>>> print(open('model_32.tsv').read())   # TSV, C-alpha atoms
chain	number	residue	atom	x	y	z
A	83	MET	CA	126.60	161.26	110.21
A	84	ALA	CA	126.35	157.80	108.61
A	85	GLU	CA	128.68	156.96	105.76
A	86	LEU	CA	127.10	156.14	102.40
A	87	HIS	CA	127.58	152.37	102.72
A	88	GLU	CA	125.87	152.41	106.13
A	89	LEU	CA	122.62	153.65	104.56
A	90	SER	CA	120.14	151.23	103.06
A	91	ALA	CA	120.15	150.86	99.27
A	92	LEU	CA	116.73	152.50	99.23
A	93	ALA	CA	118.01	155.49	101.20
A	94	GLN	CA	121.01	155.80	98.87
A	95	ARG	CA	118.78	155.75	95.81
A	96	ASP	CA	116.44	158.36	97.24
A	97	ALA	CA	119.35	160.63	98.24
A	98	VAL	CA	120.68	160.54	94.67
A	99	ARG	CA	117.22	161.27	93.29
A	100	ARG	CA	116.94	164.30	95.61
A	101	GLY	CA	120.28	165.60	94.37
A	102	GLU	CA	122.03	165.07	97.73
A	103	GLY	CA	124.76	163.16	95.91
A	104	GLY	CA	125.40	161.71	92.50
A	105	ALA	CA	125.86	158.35	90.89
A	106	ARG	CA	129.55	159.10	90.37
A	107	GLU	CA	130.01	159.96	94.06
A	108	LEU	CA	128.30	156.71	95.04
A	109	THR	CA	130.35	154.65	92.58
A	110	GLU	CA	133.64	156.20	93.71
A	111	HIS	CA	132.73	155.51	97.35
A	112	TYR	CA	132.17	151.82	96.70
A	113	LEU	CA	135.26	151.50	94.52
A	114	ARG	CA	137.28	152.83	97.46
A	115	ARG	CA	135.59	150.32	99.76
A	116	ILE	CA	136.49	147.50	97.38
A	117	GLU	CA	140.09	148.69	97.11
A	118	GLU	CA	140.34	148.78	100.92
A	119	LEU	CA	138.55	145.54	101.82
A	120	ASN	CA	138.85	143.16	98.90
A	121	PRO	CA	142.48	142.13	99.52
A	122	ARG	CA	141.34	140.66	102.85
A	123	LEU	CA	137.93	139.32	101.79
A	124	GLY	CA	138.42	138.19	98.18
A	125	ALA	CA	134.84	139.08	97.23
A	126	PHE	CA	135.73	140.41	93.77
A	127	VAL	CA	137.53	138.55	90.98
A	128	THR	CA	137.38	141.51	88.58
A	129	VAL	CA	136.75	145.20	89.28
A	130	THR	CA	135.58	147.22	86.27
A	131	ALA	CA	136.26	150.72	87.58
A	132	GLY	CA	136.52	152.44	84.18
A	133	PRO	CA	133.21	151.24	82.73
A	134	ALA	CA	131.51	151.76	86.11
A	135	LEU	CA	132.57	155.41	86.28
A	136	ALA	CA	131.44	155.91	82.68
A	137	GLN	CA	128.02	154.45	83.53
A	138	ALA	CA	127.82	156.68	86.61
A	139	ARG	CA	128.68	159.81	84.59
A	140	ALA	CA	125.95	158.92	82.09
A	141	ALA	CA	123.47	158.49	84.95
A	142	ASP	CA	124.35	161.91	86.38
A	143	GLU	CA	123.97	163.51	82.95
A	144	ARG	CA	120.59	161.87	82.53
A	145	GLN	CA	119.44	163.35	85.84
A	146	ALA	CA	120.95	166.77	85.06
A	147	HIS	CA	118.93	166.92	81.83
A	148	GLY	CA	115.68	166.19	83.66
A	149	CYS	CA	115.12	162.77	82.12
A	150	ASP	CA	112.95	160.14	83.79
A	151	LEU	CA	115.03	158.14	86.23
A	152	PRO	CA	114.87	154.33	86.20
A	153	ARG	CA	114.16	152.27	89.30
A	154	LEU	CA	117.82	151.65	90.31
A	155	HIS	CA	119.20	154.96	89.05
A	156	GLY	CA	122.89	155.21	89.97
A	157	LEU	CA	123.00	152.26	92.39
A	158	PRO	CA	126.14	150.09	92.22
A	159	LEU	CA	126.03	146.30	92.17
A	160	ALA	CA	128.08	143.43	90.73
A	161	PHE	CA	127.50	140.09	89.05
A	162	LYS	CA	128.70	136.60	89.90
A	163	ASP	CA	131.57	135.38	87.77
A	164	LEU	CA	129.19	132.86	86.22
A	165	THR	CA	127.12	135.59	84.54
A	166	ASP	CA	128.21	137.13	81.23
A	167	VAL	CA	128.75	140.88	81.15
A	168	ALA	CA	129.69	142.18	77.70
A	169	GLY	CA	133.35	143.17	77.49
A	170	VAL	CA	134.32	141.40	80.74
A	171	ALA	CA	135.80	137.90	81.01
A	172	THR	CA	133.61	135.25	82.66
A	173	THR	CA	135.99	132.79	84.32
A	174	HIS	CA	133.33	130.43	85.78
A	175	GLY	CA	135.87	130.09	88.57
A	176	SER	CA	137.94	127.70	86.45
A	177	SER	CA	141.57	127.86	85.36
A	178	VAL	CA	140.76	125.30	82.66
A	179	LEU	CA	138.84	127.79	80.51
A	180	GLU	CA	140.21	130.55	78.32
A	181	HIS	CA	139.18	133.81	79.98
A	182	VAL	CA	138.05	135.95	77.06
A	183	PRO	CA	135.67	138.93	77.28
A	184	ALA	CA	132.03	138.02	76.80
A	185	ARG	CA	130.49	139.22	73.54
A	186	PHE	CA	127.02	139.72	74.99
A	187	SER	CA	125.48	140.36	78.40
A	188	HIS	CA	123.14	137.85	80.04
A	189	THR	CA	119.49	138.92	80.08
A	190	LEU	CA	119.69	139.54	83.82
A	191	VAL	CA	122.54	142.01	83.27
A	192	GLN	CA	120.61	143.78	80.53
A	193	VAL	CA	117.51	144.08	82.70
A	194	LEU	CA	119.40	145.54	85.67
A	195	GLN	CA	121.46	147.94	83.57
A	196	GLU	CA	118.27	149.15	81.88
A	197	ALA	CA	116.94	149.71	85.41
A	198	GLY	CA	119.83	152.13	86.00
A	199	ALA	CA	122.26	149.96	87.97
A	200	VAL	CA	126.02	150.54	87.71
A	201	SER	CA	128.09	147.34	87.50
A	202	LEU	CA	131.35	147.40	89.48
A	203	GLY	CA	132.64	144.00	88.37
A	204	LYS	CA	132.48	140.23	88.88
A	205	THR	CA	132.37	138.40	92.21
A	206	GLN	CA	133.97	135.17	93.43
A	207	VAL	CA	132.32	131.77	92.95
A	208	PRO	CA	133.20	128.07	93.27
A	209	GLU	CA	134.50	126.42	90.10
A	210	PHE	CA	131.47	126.26	87.77
A	211	GLY	CA	129.28	127.16	90.78
A	212	LEU	CA	129.17	123.54	91.89
A	213	THR	CA	130.02	123.73	95.60
A	214	SER	CA	128.91	125.72	98.64
A	215	TYR	CA	132.26	127.46	99.24
A	216	SER	CA	133.53	130.20	96.92
A	217	GLU	CA	137.12	129.14	96.31
A	218	ASN	CA	138.99	128.32	93.11
A	219	ARG	CA	142.39	128.65	91.41
A	220	VAL	CA	141.49	131.82	89.51
A	221	ALA	CA	141.61	134.34	92.35
A	222	ALA	CA	141.82	134.57	96.13
A	223	PRO	CA	139.07	132.72	98.02
A	224	ALA	CA	136.09	134.68	99.27
A	225	ARG	CA	136.12	135.12	103.04
A	226	ASN	CA	133.32	135.87	105.48
A	227	PRO	CA	133.21	139.50	106.72
A	228	LEU	CA	131.85	138.26	110.06
A	229	ASP	CA	134.98	136.13	110.51
A	230	PRO	CA	137.57	136.09	107.70
A	231	ALA	CA	138.78	132.69	108.92
A	232	LEU	CA	135.46	131.29	107.65
A	233	SER	CA	133.82	130.94	104.24
A	234	PRO	CA	130.84	133.03	103.12
A	235	GLY	CA	129.43	129.92	101.45
A	236	GLY	CA	128.52	129.58	97.81
A	237	SER	CA	127.97	129.74	95.06
A	238	SER	CA	127.03	133.43	95.48
A	239	GLY	CA	129.68	133.73	98.20
A	240	GLY	CA	131.59	136.65	96.71
A	241	SER	CA	128.42	138.68	96.22
A	242	ALA	CA	127.17	137.93	99.73
A	243	ALA	CA	130.55	138.88	101.24
A	244	ALA	CA	130.56	142.14	99.26
A	245	VAL	CA	127.07	143.09	100.47
A	246	ALA	CA	127.74	142.09	104.08
A	247	ALA	CA	131.00	144.08	104.14
A	248	GLY	CA	129.49	147.22	102.59
A	249	MET	CA	131.37	146.88	99.30
A	250	LEU	CA	127.97	146.90	97.57
A	251	PRO	CA	124.55	148.19	98.70
A	252	PHE	CA	122.99	144.96	97.39
A	253	GLY	CA	123.51	142.51	94.57
A	254	PRO	CA	121.95	139.78	92.46
A	255	GLY	CA	122.79	136.16	93.12
A	256	THR	CA	121.69	132.96	91.42
A	257	ASP	CA	120.43	129.84	93.16
A	258	GLY	CA	119.92	126.27	92.01
A	259	GLY	CA	120.38	124.33	95.25
A	260	GLY	CA	121.05	126.98	97.88
A	261	SER	CA	123.50	129.30	96.12
A	262	ILE	CA	121.76	132.45	97.39
A	263	ARG	CA	120.33	131.08	100.62
A	264	ILE	CA	123.52	129.47	101.96
A	265	PRO	CA	125.74	132.61	101.59
A	266	ALA	CA	122.98	134.85	102.96
A	267	ALA	CA	122.71	132.66	106.06
A	268	ALA	CA	126.49	132.47	106.45
A	269	THR	CA	127.03	136.24	106.24
A	270	GLY	CA	123.97	137.42	108.15
A	271	ILE	CA	122.14	139.12	105.27
A	272	LEU	CA	118.86	138.46	103.47
A	273	GLY	CA	118.73	136.22	100.41
A	274	LEU	CA	115.74	135.07	98.38
A	275	LYS	CA	115.34	132.45	95.67
A	276	PRO	CA	112.14	133.44	93.80
A	277	GLY	CA	109.93	130.96	91.99
A	278	ARG	CA	110.85	130.26	88.39
A	279	GLY	CA	109.20	132.60	85.91
A	280	ARG	CA	109.55	135.67	88.10
A	281	VAL	CA	112.94	136.78	86.77
A	282	PRO	CA	115.13	136.14	83.71
A	283	ALA	CA	116.46	132.58	83.84
A	284	GLY	CA	119.44	130.84	82.29
A	285	THR	CA	119.33	129.09	78.94
A	286	ALA	CA	119.15	125.32	78.61
A	287	ARG	CA	122.88	125.33	77.89
A	288	GLU	CA	123.62	127.20	81.11
A	289	ASP	CA	121.11	125.35	83.28
A	290	ALA	CA	120.22	121.96	81.84
A	291	ALA	CA	118.33	120.93	85.00
A	292	ALA	CA	116.22	124.13	84.95
A	293	LEU	CA	116.88	124.75	88.65
A	294	VAL	CA	118.71	128.09	88.67
A	295	VAL	CA	116.84	131.30	89.52
A	296	ALA	CA	118.27	134.77	90.08
A	297	GLY	CA	117.34	136.60	93.26
A	298	PRO	CA	118.44	139.42	95.57
A	299	LEU	CA	121.09	139.57	98.28
A	300	ALA	CA	120.52	142.55	100.57
A	301	ARG	CA	120.70	143.78	104.14
A	302	THR	CA	117.00	144.63	104.53
A	303	ALA	CA	113.72	143.28	103.21
A	304	ALA	CA	112.96	146.64	101.56
A	305	ASP	CA	116.30	146.61	99.73
A	306	ALA	CA	115.65	143.03	98.59
A	307	GLY	CA	112.22	144.13	97.36
A	308	LEU	CA	113.69	147.09	95.49
A	309	LEU	CA	116.19	144.87	93.68
A	310	LEU	CA	113.69	142.10	93.00
A	311	ASP	CA	111.25	144.61	91.48
A	312	ALA	CA	114.01	145.65	89.09
A	313	MET	CA	114.93	142.05	88.24
A	314	VAL	CA	111.37	141.14	87.25
A	315	ASP	CA	110.36	141.51	83.61
A	316	GLU	CA	107.43	143.73	84.55
A	317	PRO	CA	105.08	143.32	81.54
A	318	LEU	CA	105.36	139.52	81.78
A	319	ALA	CA	105.01	139.62	85.57
A	320	ARG	CA	101.84	141.71	85.39
A	321	ALA	CA	100.33	139.23	82.95
A	322	ALA	CA	101.33	136.19	85.03
A	323	PHE	CA	100.57	137.68	88.47
A	324	PRO	CA	97.81	140.28	87.96
A	325	GLY	CA	96.87	142.54	90.84
A	326	GLU	CA	99.95	141.88	92.96
A	327	PRO	CA	101.80	144.89	94.44
A	328	GLY	CA	105.51	145.33	93.90
A	329	PHE	CA	107.88	143.62	96.29
A	330	LEU	CA	109.20	146.91	97.70
A	331	ALA	CA	105.67	148.14	98.34
A	332	ALA	CA	104.82	144.89	100.10
A	333	ALA	CA	107.94	145.09	102.28
A	334	LEU	CA	107.26	148.70	103.27
A	335	ARG	CA	103.60	147.94	104.02
A	336	ALA	CA	104.38	145.00	106.32
A	337	GLU	CA	103.11	145.55	109.85
A	338	GLY	CA	102.52	143.55	112.99
A	339	ARG	CA	104.02	140.30	114.23
A	340	PHE	CA	105.31	137.53	111.99
A	341	ARG	CA	105.83	133.83	112.63
A	342	ILE	CA	108.97	132.15	111.35
A	343	GLY	CA	108.83	128.44	110.57
A	344	VAL	CA	111.97	126.34	110.95
A	345	SER	CA	112.16	122.70	109.89
A	346	THR	CA	114.78	120.38	111.31
A	347	ASN	CA	113.47	117.48	109.24
A	348	SER	CA	115.30	116.27	106.17
A	349	PRO	CA	114.26	113.87	103.39
A	350	PHE	CA	117.65	112.19	103.92
A	351	THR	CA	117.24	111.58	107.67
A	352	ALA	CA	116.97	107.80	107.27
A	353	ALA	CA	120.39	107.64	105.62
A	354	TYR	CA	121.96	110.65	107.33
A	355	PRO	CA	120.45	111.29	110.79
A	356	LEU	CA	120.30	115.02	111.45
A	357	ARG	CA	122.43	116.09	114.40
A	358	LEU	CA	122.54	119.79	115.14
A	359	ASP	CA	125.83	120.81	116.66
A	360	PRO	CA	125.65	123.01	119.80
A	361	GLU	CA	126.24	126.27	117.92
A	362	ALA	CA	123.51	125.48	115.36
A	363	GLN	CA	121.13	124.50	118.17
A	364	ALA	CA	121.85	127.74	120.01
A	365	ALA	CA	121.24	129.75	116.84
A	366	LEU	CA	117.95	127.92	116.27
>>> encode(input="model_32.tsv", output="structure tokens")
Amino acid sequence: MAELHELSALAQRDAVRRGEGGARELTEHYLRRIEELNPRLGAFVTVTAGPALAQARAADERQAHGCDLPRLHGLPLAFKDLTDVAGVATTHGSSVLEHVPARFSHTLVQVLQEAGAVSLGKTQVPEFGLTSYSENRVAAPARNPLDPALSPGGSSGGSAAAVAAGMLPFGPGTDGGGSIRIPAAATGILGLKPGRGRVPAGTAREDAAALVVAGPLARTAADAGLLLDAMVDEPLARAAFPGEPGFLAAALRAEGRFRIGVSTNSPFTAAYPLRLDPEAQAAL
């Protein structure tokens, strides 16, 4: 029989909804996985076990009383250590800053918690999210579950490592210049940067260039669709994109053969000629 973390996020959610397990059981399972694997992989900077278990108990009570269950009922995830979660310090990966608990949660956190998700903590990032490797002087560097001698990339490297290693069923990342897509490629999972306006974005203070968009990191397209559906502000999305099905529905409906386009061209080729090394060429 498959262990919980070997099931898709969608299968885990449906099992909890059918009463085949509870949110607390799921949360405890992933907390054990984090305790076992994080010392080697450095995916988490902060683990918030106490609040997570309290959220899970509340979710189980909600289900026991026959209340309507939100989209992500009881599913664990975590947030990058660039995203404010009320009561938890946001380090931004920097030892320069004072690490005090955030007073308020970012809109993305509020949306996902309202959707029923249980937050297990904060994941590793580069200092201020500025590079494509998730290492800093605050905590141990994030390592790649496929090969711990390598990096999982960045800036969503800790989250990608946690998903790839089965420390989370899925998780939100944020992406300005590859911060979801690079770690997803490095760790062998699926990552998507949606178009701006689909999901809650950062403020002008957080993202002066208006490039950063939150998106899902997951192991399957259906799991990515499930999380992305929860991340979208649905009334606004329906007004902006009328008649479109949800992302999960679209992923489950997909049939037939698909073509994948790969570009080896770069706008910087004139200055930096593109040379694929043998391993990259073999992968392509």
>>> closest_atom_pairs(input="model_32.tsv", of="segment 109-186 of chain A", to="segment 201-205 of chain A", cutoff="7 Å", atoms="only C-alpha atoms", output="tab-separated table")
residue	atom	partner	partner_atom	distance
A:Ala125	CA	A:Thr205	CA	5.6
A:Phe126	CA	A:Thr205	CA	4.2
A:Val127	CA	A:Thr205	CA	5.3
A:Thr128	CA	A:Lys204	CA	5.1
A:Val129	CA	A:Gly203	CA	4.4
A:Thr130	CA	A:Gly203	CA	4.8
A:Ala131	CA	A:Leu202	CA	6.2
A:Ala134	CA	A:Leu202	CA	5.5
A:Pro158	CA	A:Ser201	CA	5.8
A:Leu159	CA	A:Ser201	CA	5.2
A:Ala160	CA	A:Ser201	CA	5.1
A:Phe161	CA	A:Lys204	CA	5.0
A:Lys162	CA	A:Thr205	CA	4.7
A:Asp163	CA	A:Lys204	CA	5.1
>>> axis_aligned_box(input="model_32.tsv", around="segment 183-200 of chain A", padding_each_side="6 Å", output="JSON")
{"center_x": 126.3, "center_y": 145.0, "center_z": 80.8, "size_x": 30.7, "size_y": 26.3, "size_z": 26.4}
>>> closest_residue(input="model_32.tsv", among="A:Ala303, A:Ala364, A:Val207, A:Leu232", to="Arg335 of chain A", atoms="all atoms listed in the file")
A:Ala303
>>> residues_around(input="model_32.tsv", residues="Ser261 of chain A", least_positions_apart="6", cutoff="6 Å", atoms="only C-alpha atoms", output="MDAnalysis selection string")
chainID A and resid 236:238
>>> closest_residue(input="model_32.tsv", among="A:Arg225, A:Val193, A:Gly253, A:Gly260", to="Thr213 of chain A", atoms="all atoms listed in the file")
A:Gly260
>>> atom_distance(input="model_32.tsv", atom1="atom CA of Ala140 of chain A", atom2="atom CA of Ala105 of chain A")
8.8 Å
>>> residues_around(input="model_32.tsv", residues="segment 94-101 of chain A", least_positions_apart="6", cutoff="8 Å", atoms="all atoms listed in the file", output="list in words")
Leu86, Leu154, His155, Gly156 and Leu157 of chain A
>>> closest_residue(input="model_32.tsv", among="A:Ala146, A:Ala331, A:Ala197, A:Ala267", to="Ala362 of chain A", atoms="all atoms listed in the file")
A:Ala267
>>> atom_distance(input="model_32.tsv", atom1="atom CA of Ala136 of chain A", atom2="atom CA of Thr256 of chain A")
26.4 Å
>>> atom_distance(input="model_32.tsv", atom1="atom CA of Leu330 of chain A", atom2="atom CA of Leu151 of chain A")
17.1 Å
>>> closest_residue(input="model_32.tsv", among="A:Val245, A:Ser187, A:Leu92, A:Gly132", to="Gly307 of chain A", atoms="all atoms listed in the file")
A:Leu92
>>> closest_residue(input="model_32.tsv", among="A:Leu250, A:Ala244, A:Val281, A:Val167", to="His111 of chain A", atoms="all atoms listed in the file")
A:Leu250
>>> residues_around(input="model_32.tsv", residues="Ala247 of chain A", least_positions_apart="5", cutoff="9 Å", atoms="all atoms listed in the file", output="PDB file with C-alpha atoms, keeping the file's coordinate frame")
ATOM      1  CA  ARG A 115     135.590 150.320  99.760  1.00  0.00           C
ATOM      2  CA  LEU A 119     138.550 145.540 101.820  1.00  0.00           C
ATOM      3  CA  LEU A 123     137.930 139.320 101.790  1.00  0.00           C
ATOM      4  CA  ASN A 226     133.320 135.870 105.480  1.00  0.00           C
ATOM      5  CA  PRO A 227     133.210 139.500 106.720  1.00  0.00           C
ATOM      6  CA  LEU A 228     131.850 138.260 110.060  1.00  0.00           C
ATOM      7  CA  ALA A 242     127.170 137.930  99.730  1.00  0.00           C
TER       8      ALA A 242
END
>>> closest_residue(input="model_32.tsv", among="A:Pro234, A:Pro152, A:Gly104, A:Pro355", to="Ile262 of chain A", atoms="all atoms listed in the file")
A:Pro234
>>> residues_around(input="model_32.tsv", residues="Gly235 of chain A", least_positions_apart="2", cutoff="6 Å", atoms="all atoms listed in the file", output="compact mmCIF listing (two decimals) with C-alpha atoms, in the coordinates of the input")
# COMPACT_ATOMS: atom_id res chain seq x y z
CA SER A 214 128.91 125.72 98.64
CA TYR A 215 132.26 127.46 99.24
CA SER A 233 133.82 130.94 104.24
CA GLY A 239 129.68 133.73 98.20
CA ILE A 264 123.52 129.47 101.96
CA PRO A 265 125.74 132.61 101.59
>>> residues_around(input="model_32.tsv", residues="Val295 of chain A", least_positions_apart="6", cutoff="8 Å", atoms="only C-alpha atoms", output="MDAnalysis selection string")
chainID A and resid 256:258 275:278 281:284
